[in-house]
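What follows is the content of coords24.tsv (TSV, C-alpha atoms).
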```tsv
chain	number	residue	atom	x	y	z
A	8	MET	CA	6.56	22.17	-18.38
A	9	ASP	CA	7.40	18.77	-16.90
A	10	LYS	CA	4.64	16.61	-15.53
A	11	LEU	CA	4.29	16.45	-11.76
A	12	LYS	CA	5.19	13.00	-10.45
A	13	ILE	CA	2.57	11.94	-7.93
A	14	LEU	CA	2.78	8.64	-6.07
A	15	ILE	CA	-0.51	7.14	-4.89
A	16	MET	CA	0.16	4.73	-2.03
A	17	ASN	CA	-2.16	2.27	-0.35
A	18	GLY	CA	-1.49	0.29	2.79
A	19	PRO	CA	-2.81	-3.01	4.14
A	20	ASN	CA	-6.00	-4.53	2.77
A	21	LEU	CA	-6.33	-1.77	0.19
A	22	GLY	CA	-5.26	-3.99	-2.67
A	23	HIS	CA	-8.90	-5.07	-2.76
A	24	ILE	CA	-10.57	-1.69	-3.06
A	25	GLY	CA	-13.94	-2.15	-4.71
A	26	THR	CA	-14.51	-5.68	-3.40
A	27	ARG	CA	-13.53	-5.34	0.26
A	28	GLN	CA	-16.54	-4.38	2.37
A	29	PRO	CA	-18.27	-2.30	-0.33
A	30	GLU	CA	-20.85	-1.16	2.24
A	31	ILE	CA	-18.04	0.83	3.90
A	32	TYR	CA	-15.54	1.42	1.10
A	33	GLY	CA	-17.72	1.48	-2.03
A	34	SER	CA	-17.43	-0.50	-5.24
A	35	GLN	CA	-15.15	1.74	-7.30
A	36	THR	CA	-11.58	0.56	-7.85
A	37	MET	CA	-8.26	2.25	-8.49
A	38	ASP	CA	-8.93	1.59	-12.19
A	39	ASP	CA	-11.54	4.36	-11.93
A	40	MET	CA	-8.87	6.92	-10.96
A	41	PRO	CA	-8.02	8.25	-14.46
A	42	GLU	CA	-11.68	9.10	-15.16
A	43	LEU	CA	-12.15	10.67	-11.72
A	44	LEU	CA	-8.95	12.67	-12.12
A	45	ALA	CA	-10.16	13.97	-15.50
A	46	GLN	CA	-13.48	14.97	-13.93
A	47	VAL	CA	-11.78	16.80	-11.06
A	48	MET	CA	-8.89	18.41	-12.92
A	49	GLY	CA	-10.05	18.62	-16.52
A	50	GLY	CA	-7.15	19.20	-18.92
A	51	LYS	CA	-4.76	19.89	-16.06
A	52	GLY	CA	-4.86	16.16	-15.27
A	53	ALA	CA	-2.60	15.63	-18.28
A	54	GLU	CA	0.10	17.55	-16.39
A	55	VAL	CA	0.32	14.79	-13.77
A	56	ALA	CA	2.07	11.43	-14.02
A	57	LEU	CA	0.63	8.96	-11.54
A	58	GLU	CA	2.31	5.91	-10.10
A	59	HIS	CA	0.53	3.46	-7.81
A	60	PHE	CA	2.00	1.36	-5.02
A	61	GLN	CA	0.24	-0.92	-2.55
A	62	SER	CA	1.68	-3.08	0.19
A	63	ASN	CA	0.42	-4.86	3.26
A	64	SER	CA	3.84	-4.39	4.83
A	65	GLU	CA	4.77	-1.33	6.88
A	66	GLY	CA	8.44	-1.72	5.99
A	67	ALA	CA	7.71	-1.85	2.25
A	68	LEU	CA	5.66	1.36	2.54
A	69	ILE	CA	8.55	3.11	4.31
A	70	ASP	CA	11.01	1.80	1.72
A	71	ARG	CA	8.79	3.14	-1.09
A	72	LEU	CA	8.55	6.58	0.54
A	73	GLU	CA	12.34	6.73	0.89
A	74	GLN	CA	12.70	5.63	-2.74
A	75	ALA	CA	10.23	8.36	-3.78
A	76	ARG	CA	12.53	10.92	-2.18
A	77	GLU	CA	15.50	9.58	-4.14
A	78	GLU	CA	13.47	9.60	-7.38
A	79	GLY	CA	12.35	13.21	-6.94
A	80	VAL	CA	8.66	12.42	-6.65
A	81	ASP	CA	6.77	15.71	-6.32
A	82	GLY	CA	3.94	14.57	-4.06
A	83	VAL	CA	2.30	11.60	-2.38
A	84	VAL	CA	-1.36	10.73	-1.90
A	85	PHE	CA	-1.35	8.14	0.87
A	86	ASN	CA	-4.02	5.91	2.35
A	87	ALA	CA	-2.06	3.94	4.94
A	88	GLY	CA	-5.14	1.99	6.01
A	89	ALA	CA	-4.87	0.75	9.59
A	90	TYR	CA	-1.26	1.96	9.80
A	91	THR	CA	-2.67	5.50	9.85
A	92	HIS	CA	-3.73	4.91	13.43
A	93	THR	CA	-0.76	2.91	14.67
A	94	SER	CA	2.47	3.62	12.78
A	95	LEU	CA	4.90	6.08	14.30
A	96	ALA	CA	7.42	4.73	11.79
A	97	LEU	CA	5.37	5.95	8.80
A	98	ALA	CA	4.77	9.31	10.49
A	99	ASP	CA	8.50	9.66	11.18
A	100	CYS	CA	9.31	8.83	7.55
A	101	LEU	CA	6.85	11.44	6.26
A	102	ALA	CA	8.43	13.98	8.62
A	103	TRP	CA	11.91	13.70	7.14
A	104	ILE	CA	11.53	12.86	3.43
A	105	GLY	CA	10.42	16.38	2.48
A	106	ILE	CA	7.69	15.35	0.01
A	107	PRO	CA	4.28	16.98	0.39
A	108	CYS	CA	1.72	14.33	1.28
A	109	VAL	CA	-2.07	14.28	1.35
A	110	GLU	CA	-3.57	11.68	3.66
A	111	VAL	CA	-6.64	10.01	2.15
A	112	HIS	CA	-9.30	7.73	3.59
A	113	ILE	CA	-12.10	6.17	1.60
A	114	SER	CA	-14.45	6.27	4.59
A	115	ASN	CA	-14.87	9.15	7.00
A	116	ILE	CA	-12.61	8.02	9.84
A	117	TRP	CA	-14.16	10.54	12.24
A	118	ALA	CA	-17.61	9.03	11.69
A	119	ARG	CA	-16.35	5.58	12.71
A	120	THR	CA	-17.59	6.12	16.27
A	121	ASP	CA	-17.93	2.38	16.84
A	122	GLN	CA	-14.11	2.17	16.61
A	123	PRO	CA	-12.55	5.23	18.32
A	124	LEU	CA	-9.00	4.16	17.40
A	125	ARG	CA	-9.90	4.76	13.73
A	126	GLN	CA	-10.62	8.41	14.53
A	127	LYS	CA	-6.96	9.13	15.31
A	128	SER	CA	-4.24	9.68	12.73
A	129	LEU	CA	-0.57	9.56	13.63
A	130	MET	CA	0.28	10.66	10.08
A	131	GLY	CA	-2.03	13.67	9.79
A	132	GLU	CA	0.30	16.23	11.34
A	133	ARG	CA	2.99	15.22	8.83
A	134	CYS	CA	0.68	15.82	5.86
A	135	ILE	CA	-0.43	19.03	4.15
A	136	GLY	CA	-4.04	17.91	4.49
A	137	VAL	CA	-6.47	15.06	5.02
A	138	ILE	CA	-9.34	14.00	2.77
A	139	ALA	CA	-11.82	11.48	4.16
A	140	GLY	CA	-15.22	10.08	3.36
A	141	PHE	CA	-15.46	10.63	-0.40
A	142	GLY	CA	-14.57	7.13	-1.57
A	143	ILE	CA	-12.11	6.76	-4.43
A	144	LEU	CA	-12.81	10.37	-5.39
A	145	GLY	CA	-10.66	11.31	-2.39
A	146	TYR	CA	-7.54	10.17	-4.25
A	147	ALA	CA	-8.33	12.45	-7.20
A	148	LEU	CA	-9.02	15.32	-4.79
A	149	GLY	CA	-5.67	14.61	-3.14
A	150	VAL	CA	-3.90	14.81	-6.50
A	151	GLN	CA	-5.70	18.08	-7.24
A	152	ALA	CA	-4.67	19.49	-3.85
A	153	LEU	CA	-1.02	18.58	-4.51
A	154	TYR	CA	-1.24	20.12	-7.98
A	155	GLN	CA	-2.58	23.37	-6.51
A	156	ARG	CA	0.10	23.39	-3.82
A	157	LEU	CA	2.95	22.67	-6.23
A	158	ARG	CA	1.80	24.65	-9.28
A	159	GLY	CA	-0.82	27.04	-7.90
```
Just give me the structure as structure tokens.
Amino acid sequence: MDKLKILIMNGPNLGHIGTRQPEIYGSQTMDDMPELLAQVMGGKGAEVALEHFQSNSEGALIDRLEQAREEGVDGVVFNAGAYTHTSLALADCLAWIGIPCVEVHISNIWARTDQPLRQKSLMGERCIGVIAGFGILGYALGVQALYQRLRG
């Protein structure tokens, strides 16, 4: 059985996960993902090939999603950062590319009551689900959810 190709995407300011505002986003980094994935999925984690992409540019994120479609990527775990709340362009791209996507947020966006804009996602309705508030673990949970959807 071929490995599932899963693309993990991060938007603006998420190239500094682990050092950026650790009081909100924690101190774990994307380097912790393989261990977290093994904890969540056990041996099934070996059936997944992960690729990571991060950009601060909305256009580059859209280009990468379109490229993922051309490459036959099986699923996307996507933390679009602030673009989650503002980008119709990313939502439109997710609507047409036909790749299942799990939206992920390191913090619980619905608990960010001091910033109501952060409680709204323009991407959410284009995704198969949303995981928020579990730190970096959310990415591993997103991969597991895609695995279950695609292989379960």
For the interface of range 13-121 of chain A with range 128-147 of chain A (cut-off 8 Å, counting all atoms listed in the file), please tabulate each contacting residue of range 13-121 of chain A alongside its nearest pair of atoms and their separation in Å to one decimal, rows sorted by chain and increasing number, as a tab-separated table.
```
residue	atom	partner	partner_atom	distance
A:Ile15	CA	A:Tyr146	CA	7.7
A:Tyr32	CA	A:Gly142	CA	6.4
A:Gly33	CA	A:Gly142	CA	6.5
A:Gln35	CA	A:Ile143	CA	6.5
A:Thr36	CA	A:Ile143	CA	7.1
A:Met37	CA	A:Ile143	CA	7.2
A:Asp39	CA	A:Ile143	CA	7.9
A:Met40	CA	A:Ala147	CA	6.7
A:Leu43	CA	A:Ala147	CA	6.2
A:Leu44	CA	A:Ala147	CA	5.0
A:Val47	CA	A:Ala147	CA	6.8
A:Val84	CA	A:Tyr146	CA	6.6
A:Thr91	CA	A:Ser128	CA	5.3
A:His92	CA	A:Ser128	CA	4.8
A:Thr93	CA	A:Leu129	CA	6.7
A:Ser94	CA	A:Leu129	CA	6.7
A:Leu95	CA	A:Leu129	CA	6.5
A:Leu97	CA	A:Met130	CA	7.1
A:Ala98	CA	A:Met130	CA	4.7
A:Leu101	CA	A:Arg133	CA	6.0
A:Ala102	CA	A:Arg133	CA	5.6
A:Pro107	CA	A:Ile135	CA	6.4
A:Cys108	CA	A:Cys134	CA	4.9
A:Val109	CA	A:Gly136	CA	5.2
A:Glu110	CA	A:Val137	CA	4.7
A:Val111	CA	A:Ile138	CA	4.9
A:His112	CA	A:Ala139	CA	4.6
A:Ile113	CA	A:Gly142	CA	4.1
A:Ser114	CA	A:Gly140	CA	4.1
A:Asn115	CA	A:Gly140	CA	3.8
A:Ile116	CA	A:Ala139	CA	6.7
```
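Separating CA of Asp81 in chain A from CA of Ser62 in chain A is a distance of 20.5 Å.
With CA of Leu68 in chain A on one side and CA of Asp121 in chain A on the other, the separation reads 27.6 Å.
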Which polymer residues have any atom within 8 Å of an atom of Leu11 in chain A, counting only C-alpha atoms, with same-chain residues fewer than 5 positions away left out, as an MDAnalysis selection string?
chainID A and resid 54:56 80:82 154
Those same residues - C-alpha atoms - I'd like them written as a PDB file, in the frame of the given file.
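The resulting file, part_26.pdb, is reproduced below:
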```pdb
ATOM      1  CA  GLU A  54       0.100  17.550 -16.390  1.00  0.00           C
ATOM      2  CA  VAL A  55       0.320  14.790 -13.770  1.00  0.00           C
ATOM      3  CA  ALA A  56       2.070  11.430 -14.020  1.00  0.00           C
ATOM      4  CA  VAL A  80       8.660  12.420  -6.650  1.00  0.00           C
ATOM      5  CA  ASP A  81       6.770  15.710  -6.320  1.00  0.00           C
ATOM      6  CA  GLY A  82       3.940  14.570  -4.060  1.00  0.00           C
ATOM      7  CA  TYR A 154      -1.240  20.120  -7.980  1.00  0.00           C
TER       8      TYR A 154
END
```
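With all atoms listed in the file as the basis for measurement, A:Ala53 is the residue among A:Ala67, A:Ala53, A:Glu73, A:Glu78 that approaches Asp9 in chain A most closely.
Separating CA of Ala89 in chain A from CA of Pro19 in chain A is a distance of 6.9 Å.
Proximity of A:Ile104, A:Ala118, A:Met48, A:Leu57 to Leu148 in chain A, computed with all atoms listed in the file, is greatest for A:Met48.
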Find the residues around Gln61 in chain A up to 7 Å (only C-alpha atoms counted), leave out those fewer than 3 positions away in its own chain, and share them as an MDAnalysis selection string.
chainID A and resid 16:18 22
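Comparing A:Gly105, A:Gly149, A:Pro29, A:Pro41 by their smallest distance to Ile13 in chain A, the closest is A:Gly149 (using all atoms listed in the file).
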